[in-house]
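K.L.:
Sharing a structure with you now.
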Number of protein chains: 2
Amino acid sequence: MSLIKQSLKRVLKGTAVAAALMMAATSVSAAEKVYRLKLAETWGPNFPIFGDATKNMAKMAEEMSNGRLQIRIDSANKHKAPLGVFDMVKSGQYDLGHSASYYWKGKVPNTLYFTSMPFGMLPTEQYAWFYYGGGMELMEKVYAPHNLLSFPGGNTDTQMGGWFQKEINSVEDLQGLKMRIPGFAGEILAELGAKPTNIAPGELYTSLERRTIDALEWVGPSLDLRMGFHKIAPYYYTGWHEPGTELQFLINKRVWERLPDDLKAILQVAMKTAAYDMYTQSKHESGKNWASIQSEYPNVQVKDFPEEVMTALREANDRLLKAHAEKDAMAKEIQQSQADYINQVRPWSNISHRAYLNSQAQ
Amino acid sequence: MSLIKQSLKRVLKGTAVAAALMMAATSVSAAEKVYRLKLAETWGPNFPIFGDATKNMAKMAEEMSNGRLQIRIDSANKHKAPLGVFDMVKSGQYDLGHSASYYWKGKVPNTLYFTSMPFGMLPTEQYAWFYYGGGMELMEKVYAPHNLLSFPGGNTDTQMGGWFQKEINSVEDLQGLKMRIPGFAGEILAELGAKPTNIAPGELYTSLERRTIDALEWVGPSLDLRMGFHKIAPYYYTGWHEPGTELQFLINKRVWERLPDDLKAILQVAMKTAAYDMYTQSKHESGKNWASIQSEYPNVQVKDFPEEVMTALREANDRLLKAHAEKDAMAKEIQQSQADYINQVRPWSNISHRAYLNSQAQ
């Protein structure tokens with residue numbers, strides 16, 4: 001509309017009509033202003049599924065805003081700080097981020113609770129907690145002091161327990177077990193005598209093949225297939241430590257507040273939908289890839305950890321959570337909210353999805 | 001912007017600048033035109049969850065479009081034709097509808113396949129089929145000849161098998177069983193000697209209490225609680241006939257084609273998000289309501305149909321589907337697509353959600 005404004009100035013200067021027209025044209029200009037936001041994602045360029053979620057979000061935002069909301073996505077190869085997303089969005093170096101909340105637990109311990117917790121909620125149980133059970137409000141409390149807003153950013157579906165070279169038949173089999181398993185789940189395994197390590201993704205295959213490590217966890221078939229672990233490890237254990245891993249969109253609060261209301265609505269709905277869509281895509285990709293692993297590598301065996309091991313893991317988890325809660329009232333509040341929510345929703349999941357899947361598997 | 005246009009006409013007539021300005025002002029007018037659409041929903045006014053989905057959709061569309069897309073929702077008390085939504089949107093009497101695809105099976109048999117099928121997919125398995133497994137394309141083929149577009153409209157979560165006065169221990173117990181169970185599931189039960197009936201919702205409670213019927217199915221705890229069936233029937237059977245009931249948004253294709261691209265994008269994303277949100281809400285409401293039923297009516301017993309009954313139901317389902325497929329190539333194509341998709345995704349659901357829920361229930 002700047003063309004209109006310039007022409008009006010030239011042709012109509014000094015008249016009352018001109019003033020009225022200028023005001024109208026200015027308000028149209030504001031409504032047509034293009035907002036260019038920069039998003040930093042933790043993932044490398046064209047990372048499957050996670051990277052699709054940010055592209056999907058940006059595309060929806062651009063189309064729905066008729067080009068008024070343009071989001072440029074910088075992958076980790078560009079910004080060089082995959083785990084610096086929190087700081088870069090907090091400082092305003094980036095407007096938006098896409099990452100996972102539990103990466104910030106060293107910095108802000110209570111961010112741990114908004115990705116997925118061991119023995120916690122399945123993806124839709126957790127969406128229900130976020131949107132109807134108080135989860136969003138708790139997440140807002142944790143992020144507000146950092147000038148950040150956080151939103152669900154896409155679910156990987158239930159993560160698998162990992163690829164193992166040897167069967168785990170007892171708690172003793174965990175003693176000295178060298179396993180790539182980062183974060184809080186690694187702390188739990190350390191409690192039981194395992195040796196959790198972190199290894200760069202590019203070195204995982206060789207480490208497992210050469211037995212530098214005995215086991216590793218990654219995601220699930222959706223992203224494990226391309227890593228090739230099924231070619232070199234015979235046992236694929238079912239999950240316990242991340243039953244519904246939800247990624248995260250981060251927004252700098254000042255950037256958010258500057259957006260007009262319609263673009264706020266567009267951005268918020270685009271993030272929410274991209275998150276839900278990523279869960280749907282994860283389901284699809286894991287189904288497809290697991291079918292492919294099964295048909296090409298029929299010797300891969302799916303195993304459940306024995307009850308004794310699950311009990312020990314759960315007890316270690318409870319001890320660690322209790323220690324957090326004793327030091328931090330907010331941690332206690334979030335833990336209580338999550339525990340109460342699971343107690344409410346899980347009996348329903350059991351008489352619906354669990355009963356159905358069990359009846360169909362007979 | 002009509003004010004700007006009128007002023008420009010008056011002040012600038014005959015000049016070249018005027019012509020350019022008129023063009024610019026006209027395009028701004030088009031971009032600010034308000035589109036008022038009317039939606040007919042099958043549900044009564046303020047119907048919980050289902051009605052929330054249409055309100056949620058209309059609110060998102062209005063906010064994201066800055067008021068340019070206004071959707072008026074007429075409930076069944078207004079349009080008086082709860083099961084006439086297909087016809088009213090097809091004819092253009094309404095622009096949009098919210099209903100369930102399987103209501104139209106008497107009119108267009110293949111619409112049956114897009115709500116939920118007995119022994120079929122769980123909600124997110126089905127979203128994966130719709131969006132990544134070819135489901136949307138098949139639905140488009142079925143609706144296109146009727147000048148309609150159809151989109152997922154919200155999931156009820158897995159529906160329960162229903163409330164029963166007596167236990168079902170064998171196929172013989174189904175003989176002569178009077179049960180309110182409409183649609184395709186009713187046809188399956190009839191195959192096994194039951195007497196399916198349909199009864200108006202307002203008369204269901206009394207019919208079950210006075211034993212006019214022996215059993216009924218409704219939805220799940222999310223909507224069953226307010227009906228009060230748990231007060232008068234001791235057995236709540238787990239589900240088999242609608243594992244992931246998805247409602248439906250319908251759009252008149254000519255109305256759709258008249259919308260500018262940004263409003264098309266806004267409407268499509270608003271419908272998709274309202275659908276996903278309804279699934280999340282259903283999970284929450286069923287969790288909450290089932291907890292309330294359990295605590296207030298601890299004598300309600302959850303039962304699985306015995307394996308013998310499940311096998312008979314499955315065989316009857318297979319016979320009926322086969323009969324459809326033999327008469328109709330499109331039915332055959334859709335059935336095959338769904339069967340292939342379940343074969344691909346279910347092994348993954350079993351090693352993820354099923355394994356997890358079973359391990360946590362120990």
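Letters A, B, ... mark the chains of the structure tokens in the order given; residue numbers begin at 1 per chain; ligand numbers begin at 1, in order shown.
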Taking 4 positions as the minimum chain separation for residues in the same chain, which residues sit within 8 Å of region 133-143 of chain B when counting only C-alpha atoms? Answer as JSON, numbers by chain.

P.N.:
{"A": [284], "B": [110, 111, 114, 128, 129, 147, 148, 149, 150, 151, 334, 337, 341]}

K.L.:
Using only C-alpha atoms, select each residue of chain A with any atom at most 7 Å away from an atom of chain B, and give the selection as a PyMOL selection string.

P.N.:
chain A and resi 4+21+63-66+124-125+127-128+132+158+238-240+262-263+265-266+273+280-281+283-284+286-288+290-291+344-345+348+350-357

K.L.:
Would you mind listing what lies within 12 Å of region 319-330 of chain B as an NGL selection string, with only C-alpha atoms counted and same-chain residues fewer than 3 positions away left out?

P.N.:
:B and (105 or 108-113 or 117-119 or 138-139 or 141-142 or 184-192 or 312-316 or 333-339)

K.L.:
So which residues touch Gly228 (chain B) within 12 Å, counting only C-alpha atoms, skipping near sequence neighbours fewer than 5 positions away, as number ranges by chain?

P.N.:
B: 163, 201-202, 204-206, 208-209, 218, 220-223, 233-234, 289, 292-293, 296-297

K.L.:
Just to confirm, what's the straight-line distance from CA of Leu250 (chain A) to CA of Gly97 (chain A) in Å (one decimal)?

P.N.:
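Computed distance, CA of Leu250 (chain A) to CA of Gly97 (chain A), equals 4.7 Å.
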
K.L.:
So how many Å separate CA of Lys166 (chain A) and CA of Asp318 (chain A), to one decimal?

P.N.:
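That distance, rounded to one decimal, is 26.7 Å.
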
K.L.:
Any idea what the distance is between CA of Leu174 (chain B) and CA of Ser207 (chain B)?

P.N.:
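The value is 18.3 Å.
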